[in-house]
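Asks: To start, I am sharing the structure in question, which I have written as C-alpha cells.
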Amino acid sequence: MIAGSAQGTTYNITYYAADSSVTKCQIDSILTKIDSSLSLYKPWSLVNQFNNSIDGIIADLHLGKVVKRSIDTFHDTKGIFDITVYPFTGAWGFGIKKIDIVPSSKMIQKLRSCVGSKKLFWIGNKLGKKKSCVKLDPNGIAQGYSVD
C-alpha cells in the first residue's frame, strides 16, 4: 500500500501487479502536476492564472481534460453542473477566502452575469472567456479526475 497527502486530503493506493511497481514518488509527481493545474489553493496554479486573466490562457493537459468534460456535463445536465460557479462559491465563503456576511440579492444578481459555461470557448489549446469575471471552480470534478 502507498499512502500520502494531496489536494488537501490523504490518499491510500493498493494495487497488485506481478510485472511492475509504482513508487510513492511517481504517484506524488503526478498528483503535484494535477495540483499545479487545478488547485484553487495554489496561487500559481493554471486555474488561478485563468481566473486572474482578462481573456484566458493556454491550457495544459489536465486543465483541458477537466474543462472539456465539465462543459460536456454542463450540457448533459442542462446547466446544473457548471465549472464557472466560482463567483458564487467565493461569494458564499466556500472558497479560499472566508466571508463575514452573506451576499445580498443585488450581489448575486451581479454575479450571475459571470457564471455559465457558455461563456467559455476554445481556440486551439487556448481556453478563453467571453467576460473577464468568468472564473473556474474545478472542485466538483478535480478529485475524481485525479483518482481516475
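Identifiers in this document derive from the order of the C-alpha cells: chains are assigned A, B, ..., residues are numbered from 1 separately in each chain, and ligands are numbered from 1 in order of occurrence.
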Could you name the residues that touch Pro138 (chain A) at 12 Å or less, counting only C-alpha atoms, but leaving out those on the same chain fewer than 4 positions away, as a ChimeraX atom specification?
Replies: /A:7,34-35,37-41,45-48,50-51,62-71,81-86,89,95,142-146
Asks: Those same residues, written as a CSV table (one decimal), in the first residue's frame with N, CA, C and O atoms?
Replies:
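Okay, this is what ended up in part.csv:
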```csv
chain,number,residue,atom,x,y,z
A,7,GLN,N,-4.0,17.4,-2.5
A,7,GLN,CA,-5.3,18.1,-2.7
A,7,GLN,C,-6.0,18.3,-1.4
A,7,GLN,O,-7.2,18.2,-1.3
A,34,ILE,N,-1.1,17.6,-11.3
A,34,ILE,CA,-2.5,17.9,-11.3
A,34,ILE,C,-2.8,19.1,-10.4
A,34,ILE,O,-3.6,20.0,-10.8
A,35,ASP,N,-2.3,19.1,-9.2
A,35,ASP,CA,-2.5,20.2,-8.3
A,35,ASP,C,-2.0,21.6,-8.9
A,35,ASP,O,-2.7,22.6,-8.7
A,37,SER,N,-2.1,22.4,-11.8
A,37,SER,CA,-3.0,22.8,-12.9
A,37,SER,C,-4.4,23.2,-12.3
A,37,SER,O,-4.9,24.2,-12.7
A,38,LEU,N,-4.9,22.4,-11.3
A,38,LEU,CA,-6.3,22.5,-10.9
A,38,LEU,C,-6.6,23.1,-9.5
A,38,LEU,O,-7.7,23.3,-9.2
A,39,SER,N,-5.6,23.3,-8.7
A,39,SER,CA,-5.8,23.7,-7.3
A,39,SER,C,-6.1,25.2,-7.2
A,39,SER,O,-5.3,26.0,-7.6
A,40,LEU,N,-7.2,25.5,-6.6
A,40,LEU,CA,-7.6,26.9,-6.2
A,40,LEU,C,-6.7,27.3,-5.1
A,40,LEU,O,-6.6,28.5,-4.8
A,41,TYR,N,-6.1,26.4,-4.3
A,41,TYR,CA,-5.4,26.8,-3.1
A,41,TYR,C,-3.9,27.0,-3.4
A,41,TYR,O,-3.1,27.4,-2.5
A,45,SER,N,-1.2,28.1,-9.6
A,45,SER,CA,-1.9,27.1,-10.5
A,45,SER,C,-2.4,27.6,-11.8
A,45,SER,O,-2.7,28.8,-11.9
A,46,LEU,N,-2.6,26.8,-12.7
A,46,LEU,CA,-3.1,27.2,-14.0
A,46,LEU,C,-4.5,27.7,-13.9
A,46,LEU,O,-4.9,28.7,-14.6
A,47,VAL,N,-5.3,27.0,-13.1
A,47,VAL,CA,-6.7,27.5,-12.9
A,47,VAL,C,-6.7,28.9,-12.3
A,47,VAL,O,-7.6,29.7,-12.7
A,48,ASN,N,-5.9,29.2,-11.4
A,48,ASN,CA,-5.8,30.6,-10.8
A,48,ASN,C,-5.3,31.6,-11.9
A,48,ASN,O,-5.7,32.7,-11.9
A,50,PHE,N,-5.9,31.3,-15.0
A,50,PHE,CA,-7.1,31.6,-15.9
A,50,PHE,C,-8.0,32.5,-15.1
A,50,PHE,O,-8.5,33.5,-15.7
A,51,ASN,N,-8.3,32.3,-13.9
A,51,ASN,CA,-9.3,33.1,-13.1
A,51,ASN,C,-8.8,34.5,-13.0
A,51,ASN,O,-9.6,35.5,-13.0
A,62,HIS,N,-4.2,18.6,-18.2
A,62,HIS,CA,-5.1,18.4,-17.1
A,62,HIS,C,-6.3,19.4,-17.1
A,62,HIS,O,-7.4,19.0,-17.0
A,63,LEU,N,-5.9,20.6,-17.2
A,63,LEU,CA,-7.0,21.7,-17.2
A,63,LEU,C,-7.9,21.5,-18.5
A,63,LEU,O,-9.1,21.6,-18.4
A,64,GLY,N,-7.3,21.1,-19.6
A,64,GLY,CA,-8.0,20.9,-20.8
A,64,GLY,C,-9.0,19.8,-20.7
A,64,GLY,O,-10.2,19.9,-21.0
A,65,LYS,N,-8.6,18.6,-20.1
A,65,LYS,CA,-9.5,17.5,-20.0
A,65,LYS,C,-10.6,17.8,-19.0
A,65,LYS,O,-11.8,17.5,-19.3
A,66,VAL,N,-10.3,18.4,-17.9
A,66,VAL,CA,-11.3,18.7,-16.9
A,66,VAL,C,-12.3,19.7,-17.4
A,66,VAL,O,-13.5,19.6,-17.2
A,67,VAL,N,-11.9,20.8,-18.1
A,67,VAL,CA,-12.8,21.8,-18.6
A,67,VAL,C,-13.7,21.2,-19.7
A,67,VAL,O,-14.9,21.4,-19.7
A,68,LYS,N,-13.1,20.4,-20.6
A,68,LYS,CA,-13.9,19.8,-21.7
A,68,LYS,C,-14.9,18.9,-21.1
A,68,LYS,O,-16.1,18.9,-21.5
A,69,ARG,N,-14.5,18.0,-20.1
A,69,ARG,CA,-15.5,17.1,-19.5
A,69,ARG,C,-16.6,17.9,-18.7
A,69,ARG,O,-17.8,17.6,-18.7
A,70,SER,N,-16.2,19.0,-18.1
A,70,SER,CA,-17.1,19.8,-17.4
A,70,SER,C,-18.1,20.5,-18.3
A,70,SER,O,-19.3,20.6,-18.0
A,71,ILE,N,-17.7,20.9,-19.5
A,71,ILE,CA,-18.6,21.5,-20.5
A,71,ILE,C,-19.6,20.5,-21.0
A,71,ILE,O,-20.8,20.7,-21.1
A,81,PHE,N,-24.7,21.3,-13.6
A,81,PHE,CA,-23.3,21.3,-13.2
A,81,PHE,C,-22.6,22.3,-14.0
A,81,PHE,O,-22.7,22.4,-15.3
A,82,ASP,N,-21.8,23.2,-13.4
A,82,ASP,CA,-21.2,24.3,-14.1
A,82,ASP,C,-19.9,24.7,-13.4
A,82,ASP,O,-19.8,25.1,-12.3
A,83,ILE,N,-18.8,24.5,-14.2
A,83,ILE,CA,-17.4,24.7,-13.6
A,83,ILE,C,-17.2,26.2,-13.4
A,83,ILE,O,-16.3,26.6,-12.7
A,84,THR,N,-18.0,27.1,-14.0
A,84,THR,CA,-17.8,28.5,-13.9
A,84,THR,C,-18.5,29.1,-12.6
A,84,THR,O,-18.7,30.3,-12.5
A,85,VAL,N,-18.8,28.3,-11.7
A,85,VAL,CA,-19.6,28.7,-10.5
A,85,VAL,C,-18.7,29.4,-9.5
A,85,VAL,O,-19.2,29.9,-8.4
A,86,TYR,N,-17.4,29.5,-9.7
A,86,TYR,CA,-16.5,30.2,-8.7
A,86,TYR,C,-17.0,31.5,-8.2
A,86,TYR,O,-16.9,31.7,-6.9
A,89,THR,N,-19.4,30.4,-5.4
A,89,THR,CA,-18.8,29.7,-4.3
A,89,THR,C,-17.9,30.6,-3.4
A,89,THR,O,-17.9,30.6,-2.2
A,95,GLY,N,-14.9,29.1,-0.8
A,95,GLY,CA,-13.6,29.1,-1.5
A,95,GLY,C,-12.5,29.3,-0.5
A,95,GLY,O,-12.6,29.0,0.7
A,142,ALA,N,-12.3,17.8,-10.0
A,142,ALA,CA,-10.9,17.6,-10.0
A,142,ALA,C,-10.5,16.4,-9.2
A,142,ALA,O,-9.6,15.7,-9.6
A,143,GLN,N,-11.1,16.1,-8.0
A,143,GLN,CA,-10.7,15.0,-7.2
A,143,GLN,C,-11.0,13.7,-7.9
A,143,GLN,O,-10.2,12.7,-7.9
A,144,GLY,N,-12.1,13.6,-8.6
A,144,GLY,CA,-12.5,12.4,-9.3
A,144,GLY,C,-11.5,12.2,-10.5
A,144,GLY,O,-11.1,11.1,-10.8
A,145,TYR,N,-11.2,13.3,-11.2
A,145,TYR,CA,-10.2,13.3,-12.2
A,145,TYR,C,-8.9,12.7,-11.7
A,145,TYR,O,-8.3,11.8,-12.4
A,146,SER,N,-8.4,13.2,-10.6
A,146,SER,CA,-7.2,12.7,-10.0
A,146,SER,C,-7.2,11.2,-9.7
A,146,SER,O,-6.3,10.5,-10.0
```
Asks: Could you write out, as a list in words, all the residues of region 86-120 of chain A that DSSP marks as alpha helix (DSSP H)?
Replies: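 Alpha helix (DSSP H) assignments inside region 86-120 of chain A correspond to Tyr86, Pro87, Phe88, Thr89, Gly90, Ala91, Ser105, Lys106, Met107, Ile108, Gln109, Lys110, Leu111 and Arg112 of chain A.
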Asks: Could those residues be written to a file, using all heavy atoms, as a compact mmCIF listing (two decimals), in the first residue's frame?
Replies:
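Contents of the output file selection-v7.txt:
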```txt
# COMPACT_ATOMS: atom_id res chain seq x y z
N TYR A 86 -17.43 29.55 -9.71
CA TYR A 86 -16.52 30.17 -8.73
C TYR A 86 -17.01 31.50 -8.16
O TYR A 86 -16.89 31.72 -6.95
CB TYR A 86 -15.12 30.32 -9.31
CG TYR A 86 -14.12 30.82 -8.31
CD1 TYR A 86 -13.49 29.94 -7.44
CD2 TYR A 86 -13.80 32.17 -8.20
CE1 TYR A 86 -12.58 30.39 -6.50
CE2 TYR A 86 -12.89 32.63 -7.28
CZ TYR A 86 -12.28 31.74 -6.43
OH TYR A 86 -11.38 32.18 -5.49
N PRO A 87 -17.56 32.41 -8.96
CA PRO A 87 -18.04 33.65 -8.34
C PRO A 87 -19.07 33.41 -7.22
O PRO A 87 -19.08 34.13 -6.22
CB PRO A 87 -18.66 34.42 -9.51
CG PRO A 87 -17.87 33.95 -10.70
CD PRO A 87 -17.65 32.48 -10.43
N PHE A 88 -19.91 32.40 -7.38
CA PHE A 88 -20.90 32.08 -6.34
C PHE A 88 -20.25 31.39 -5.15
O PHE A 88 -20.51 31.75 -4.00
CB PHE A 88 -22.01 31.18 -6.88
CG PHE A 88 -22.97 31.86 -7.81
CD1 PHE A 88 -23.49 31.18 -8.90
CD2 PHE A 88 -23.38 33.16 -7.62
CE1 PHE A 88 -24.39 31.79 -9.76
CE2 PHE A 88 -24.26 33.79 -8.47
CZ PHE A 88 -24.77 33.10 -9.55
N THR A 89 -19.40 30.39 -5.40
CA THR A 89 -18.78 29.69 -4.27
C THR A 89 -17.91 30.64 -3.45
O THR A 89 -17.90 30.56 -2.22
CB THR A 89 -17.96 28.46 -4.73
OG1 THR A 89 -16.95 28.87 -5.66
CG2 THR A 89 -18.84 27.40 -5.36
N GLY A 90 -17.23 31.55 -4.14
CA GLY A 90 -16.43 32.55 -3.42
C GLY A 90 -17.29 33.50 -2.61
O GLY A 90 -16.99 33.80 -1.46
N ALA A 91 -18.39 33.96 -3.21
CA ALA A 91 -19.28 34.91 -2.53
C ALA A 91 -19.92 34.31 -1.28
O ALA A 91 -20.18 35.01 -0.30
CB ALA A 91 -20.36 35.40 -3.48
N SER A 105 -28.96 39.98 -2.44
CA SER A 105 -29.65 39.64 -3.70
C SER A 105 -29.06 40.42 -4.86
O SER A 105 -28.90 39.89 -5.97
CB SER A 105 -31.14 39.92 -3.58
OG SER A 105 -31.71 39.10 -2.60
N LYS A 106 -28.73 41.67 -4.61
CA LYS A 106 -28.15 42.52 -5.65
C LYS A 106 -26.79 41.97 -6.10
O LYS A 106 -26.49 41.92 -7.29
CB LYS A 106 -28.01 43.95 -5.13
CG LYS A 106 -27.55 44.94 -6.17
CD LYS A 106 -27.53 46.35 -5.59
CE LYS A 106 -27.07 47.34 -6.64
NZ LYS A 106 -27.05 48.71 -6.13
N MET A 107 -25.99 41.54 -5.14
CA MET A 107 -24.67 40.97 -5.45
C MET A 107 -24.82 39.67 -6.24
O MET A 107 -24.11 39.44 -7.23
CB MET A 107 -23.86 40.72 -4.18
CG MET A 107 -22.54 40.01 -4.44
SD MET A 107 -21.40 40.87 -5.53
CE MET A 107 -20.69 42.01 -4.41
N ILE A 108 -25.72 38.82 -5.83
CA ILE A 108 -25.95 37.55 -6.53
C ILE A 108 -26.40 37.82 -7.97
O ILE A 108 -25.92 37.18 -8.91
CB ILE A 108 -26.97 36.68 -5.78
CG1 ILE A 108 -26.33 36.19 -4.48
CG2 ILE A 108 -27.42 35.50 -6.63
CD1 ILE A 108 -27.28 35.50 -3.54
N GLN A 109 -27.26 38.79 -8.15
CA GLN A 109 -27.72 39.15 -9.49
C GLN A 109 -26.55 39.61 -10.36
O GLN A 109 -26.44 39.24 -11.52
CB GLN A 109 -28.81 40.22 -9.41
CG GLN A 109 -29.55 40.43 -10.70
CD GLN A 109 -30.31 39.17 -11.14
OE1 GLN A 109 -30.76 38.38 -10.35
NE2 GLN A 109 -30.42 39.00 -12.44
N LYS A 110 -25.67 40.40 -9.77
CA LYS A 110 -24.49 40.88 -10.50
C LYS A 110 -23.57 39.71 -10.87
O LYS A 110 -23.06 39.66 -12.00
CB LYS A 110 -23.73 41.90 -9.64
CG LYS A 110 -22.50 42.44 -10.30
CD LYS A 110 -21.79 43.43 -9.39
CE LYS A 110 -20.49 43.89 -10.03
NZ LYS A 110 -19.68 44.68 -9.13
N LEU A 111 -23.39 38.77 -9.95
CA LEU A 111 -22.50 37.63 -10.20
C LEU A 111 -23.05 36.70 -11.29
O LEU A 111 -22.28 36.03 -11.98
CB LEU A 111 -22.27 36.83 -8.92
CG LEU A 111 -21.48 37.55 -7.82
CD1 LEU A 111 -21.42 36.70 -6.57
CD2 LEU A 111 -20.09 37.92 -8.31
N ARG A 112 -24.35 36.65 -11.45
CA ARG A 112 -24.95 35.77 -12.47
C ARG A 112 -24.40 36.05 -13.86
O ARG A 112 -24.30 35.15 -14.68
CB ARG A 112 -26.47 35.91 -12.48
CG ARG A 112 -27.12 35.19 -11.36
CD ARG A 112 -28.61 35.26 -11.47
NE ARG A 112 -29.17 34.59 -10.31
CZ ARG A 112 -30.41 34.30 -10.16
NH1 ARG A 112 -31.29 34.61 -11.09
NH2 ARG A 112 -30.83 33.68 -9.08
```
Asks: Nearest to Gly124 (chain A) among A:Ala17, A:Ile101, A:Ile58, A:Ala6, with distances taken over only C-alpha atoms: which residue is it?
Replies: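 Smallest distance to Gly124 (chain A) is found for A:Ile58.
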Asks: For Asn139 (chain A), which of A:Gly8, A:Thr77, A:Ile27, A:Trp92 is the closest residue, counting only C-alpha atoms?
Replies: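 Closest to Asn139 (chain A) of all the choices is A:Gly8.
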Asks: Let me make sure I understand: among A:Asn52, A:Gln26, A:Thr32, A:Ser132, which one has the smallest atom-to-atom distance to Ser5 (chain A) if we use only C-alpha atoms?
Replies: A:Thr32
Asks: One decimal, in Å: what's the spacing between CA of Leu120 (chain A) and CA of Gly93 (chain A)?
Replies: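 Spanning CA of Leu120 (chain A) to CA of Gly93 (chain A) is a straight-line distance of 23.8 Å.
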Asks: For Asn125 (chain A), which residue out of A:Asp100, A:Asp76, A:Asp60, A:Asp137 is the nearest one, using only C-alpha atoms?
Replies: A:Asp60
Asks: In Å, rounded to a single decimal, give me how far CA of Ser113 (chain A) is from CA of Lys131 (chain A).
Replies: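 Result for CA of Lys131 (chain A) versus CA of Ser113 (chain A): 8.7 Å, one decimal.
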Asks: Between CA of Asp55 (chain A) and CA of Lys130 (chain A), measure the distance and give it in Å to one decimal.
Replies: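 Result for CA of Asp55 (chain A) versus CA of Lys130 (chain A): 6.9 Å, one decimal.
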Asks: Running DSSP on the backbone, which parts of chain A land in strand (DSSP E), as a ChimeraX atom specification?
Replies: /A:2-6,9-13,56-58,120-123,126-129
Asks: Go ahead and save the picked residues with N, CA, C and O atoms, as a PDB file, in the first residue's frame.
Replies:
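Saved the output as out-v7.pdb:
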```
ATOM      1  N   ILE A   2       0.443   2.259  -0.725  1.00  0.00           N
ATOM      2  CA  ILE A   2       1.143   3.545  -0.773  1.00  0.00           C
ATOM      3  C   ILE A   2       0.179   4.595  -0.241  1.00  0.00           C
ATOM      4  O   ILE A   2      -0.987   4.622  -0.629  1.00  0.00           O
ATOM      5  N   ALA A   3       0.652   5.437   0.661  1.00  0.00           N
ATOM      6  CA  ALA A   3      -0.193   6.474   1.251  1.00  0.00           C
ATOM      7  C   ALA A   3       0.532   7.804   1.201  1.00  0.00           C
ATOM      8  O   ALA A   3       1.767   7.866   1.202  1.00  0.00           O
ATOM      9  N   GLY A   4      -0.262   8.877   1.158  1.00  0.00           N
ATOM     10  CA  GLY A   4       0.324  10.204   1.135  1.00  0.00           C
ATOM     11  C   GLY A   4      -0.720  11.278   1.253  1.00  0.00           C
ATOM     12  O   GLY A   4      -1.899  10.997   1.503  1.00  0.00           O
ATOM     13  N   SER A   5      -0.301  12.506   1.044  1.00  0.00           N
ATOM     14  CA  SER A   5      -1.192  13.663   1.102  1.00  0.00           C
ATOM     15  C   SER A   5      -1.211  14.349  -0.255  1.00  0.00           C
ATOM     16  O   SER A   5      -0.182  14.456  -0.913  1.00  0.00           O
ATOM     17  N   ALA A   6      -2.407  14.804  -0.637  1.00  0.00           N
ATOM     18  CA  ALA A   6      -2.567  15.566  -1.880  1.00  0.00           C
ATOM     19  C   ALA A   6      -3.923  16.237  -1.870  1.00  0.00           C
ATOM     20  O   ALA A   6      -4.868  15.729  -1.265  1.00  0.00           O
ATOM     21  N   THR A   9      -6.099  16.573   1.259  1.00  0.00           N
ATOM     22  CA  THR A   9      -6.585  15.374   1.947  1.00  0.00           C
ATOM     23  C   THR A   9      -5.498  14.300   1.858  1.00  0.00           C
ATOM     24  O   THR A   9      -4.352  14.595   1.557  1.00  0.00           O
ATOM     25  N   THR A  10      -5.851  13.078   2.151  1.00  0.00           N
ATOM     26  CA  THR A  10      -4.894  11.982   2.091  1.00  0.00           C
ATOM     27  C   THR A  10      -5.344  10.954   1.056  1.00  0.00           C
ATOM     28  O   THR A  10      -6.505  10.943   0.646  1.00  0.00           O
ATOM     29  N   TYR A  11      -4.426  10.125   0.644  1.00  0.00           N
ATOM     30  CA  TYR A  11      -4.762   9.036  -0.272  1.00  0.00           C
ATOM     31  C   TYR A  11      -4.108   7.743   0.188  1.00  0.00           C
ATOM     32  O   TYR A  11      -3.096   7.751   0.885  1.00  0.00           O
ATOM     33  N   ASN A  12      -4.726   6.641  -0.191  1.00  0.00           N
ATOM     34  CA  ASN A  12      -4.201   5.297   0.020  1.00  0.00           C
ATOM     35  C   ASN A  12      -4.412   4.521  -1.266  1.00  0.00           C
ATOM     36  O   ASN A  12      -5.526   4.490  -1.789  1.00  0.00           O
ATOM     37  N   ILE A  13      -3.357   3.911  -1.775  1.00  0.00           N
ATOM     38  CA  ILE A  13      -3.444   3.142  -3.012  1.00  0.00           C
ATOM     39  C   ILE A  13      -2.948   1.732  -2.745  1.00  0.00           C
ATOM     40  O   ILE A  13      -1.841   1.533  -2.217  1.00  0.00           O
ATOM     41  N   GLY A  56      -8.240  34.678 -20.921  1.00  0.00           N
ATOM     42  CA  GLY A  56      -7.960  33.250 -20.951  1.00  0.00           C
ATOM     43  C   GLY A  56      -6.481  32.938 -20.991  1.00  0.00           C
ATOM     44  O   GLY A  56      -5.643  33.829 -20.921  1.00  0.00           O
ATOM     45  N   ILE A  57      -6.179  31.636 -21.088  1.00  0.00           N
ATOM     46  CA  ILE A  57      -4.797  31.148 -21.054  1.00  0.00           C
ATOM     47  C   ILE A  57      -4.667  29.911 -21.939  1.00  0.00           C
ATOM     48  O   ILE A  57      -5.665  29.320 -22.340  1.00  0.00           O
ATOM     49  N   ILE A  58      -3.427  29.501 -22.165  1.00  0.00           N
ATOM     50  CA  ILE A  58      -3.157  28.227 -22.816  1.00  0.00           C
ATOM     51  C   ILE A  58      -3.327  27.140 -21.748  1.00  0.00           C
ATOM     52  O   ILE A  58      -2.701  27.203 -20.685  1.00  0.00           O
ATOM     53  N   LEU A 120     -17.403  30.209 -21.931  1.00  0.00           N
ATOM     54  CA  LEU A 120     -16.076  29.651 -22.204  1.00  0.00           C
ATOM     55  C   LEU A 120     -15.984  29.271 -23.676  1.00  0.00           C
ATOM     56  O   LEU A 120     -16.996  28.913 -24.288  1.00  0.00           O
ATOM     57  N   PHE A 121     -14.772  29.315 -24.221  1.00  0.00           N
ATOM     58  CA  PHE A 121     -14.577  28.858 -25.603  1.00  0.00           C
ATOM     59  C   PHE A 121     -13.138  28.408 -25.788  1.00  0.00           C
ATOM     60  O   PHE A 121     -12.258  28.743 -24.998  1.00  0.00           O
ATOM     61  N   TRP A 122     -12.933  27.624 -26.818  1.00  0.00           N
ATOM     62  CA  TRP A 122     -11.606  27.119 -27.161  1.00  0.00           C
ATOM     63  C   TRP A 122     -11.169  27.677 -28.502  1.00  0.00           C
ATOM     64  O   TRP A 122     -11.951  27.713 -29.449  1.00  0.00           O
ATOM     65  N   ILE A 123      -9.926  28.095 -28.581  1.00  0.00           N
ATOM     66  CA  ILE A 123      -9.254  28.398 -29.846  1.00  0.00           C
ATOM     67  C   ILE A 123      -7.951  27.604 -29.783  1.00  0.00           C
ATOM     68  O   ILE A 123      -7.015  27.998 -29.081  1.00  0.00           O
ATOM     69  N   LYS A 126      -6.028  27.178 -26.395  1.00  0.00           N
ATOM     70  CA  LYS A 126      -6.288  28.328 -25.533  1.00  0.00           C
ATOM     71  C   LYS A 126      -7.728  28.258 -25.029  1.00  0.00           C
ATOM     72  O   LYS A 126      -8.675  28.164 -25.807  1.00  0.00           O
ATOM     73  N   LEU A 127      -7.870  28.278 -23.715  1.00  0.00           N
ATOM     74  CA  LEU A 127      -9.177  28.348 -23.082  1.00  0.00           C
ATOM     75  C   LEU A 127      -9.498  29.816 -22.885  1.00  0.00           C
ATOM     76  O   LEU A 127      -8.795  30.521 -22.158  1.00  0.00           O
ATOM     77  N   GLY A 128     -10.531  30.275 -23.559  1.00  0.00           N
ATOM     78  CA  GLY A 128     -10.900  31.680 -23.482  1.00  0.00           C
ATOM     79  C   GLY A 128     -12.181  31.894 -22.702  1.00  0.00           C
ATOM     80  O   GLY A 128     -12.934  30.956 -22.424  1.00  0.00           O
ATOM     81  N   LYS A 129     -12.409  33.147 -22.344  1.00  0.00           N
ATOM     82  CA  LYS A 129     -13.642  33.515 -21.650  1.00  0.00           C
ATOM     83  C   LYS A 129     -14.186  34.787 -22.268  1.00  0.00           C
ATOM     84  O   LYS A 129     -13.434  35.669 -22.669  1.00  0.00           O
TER      85      LYS A 129
END
```
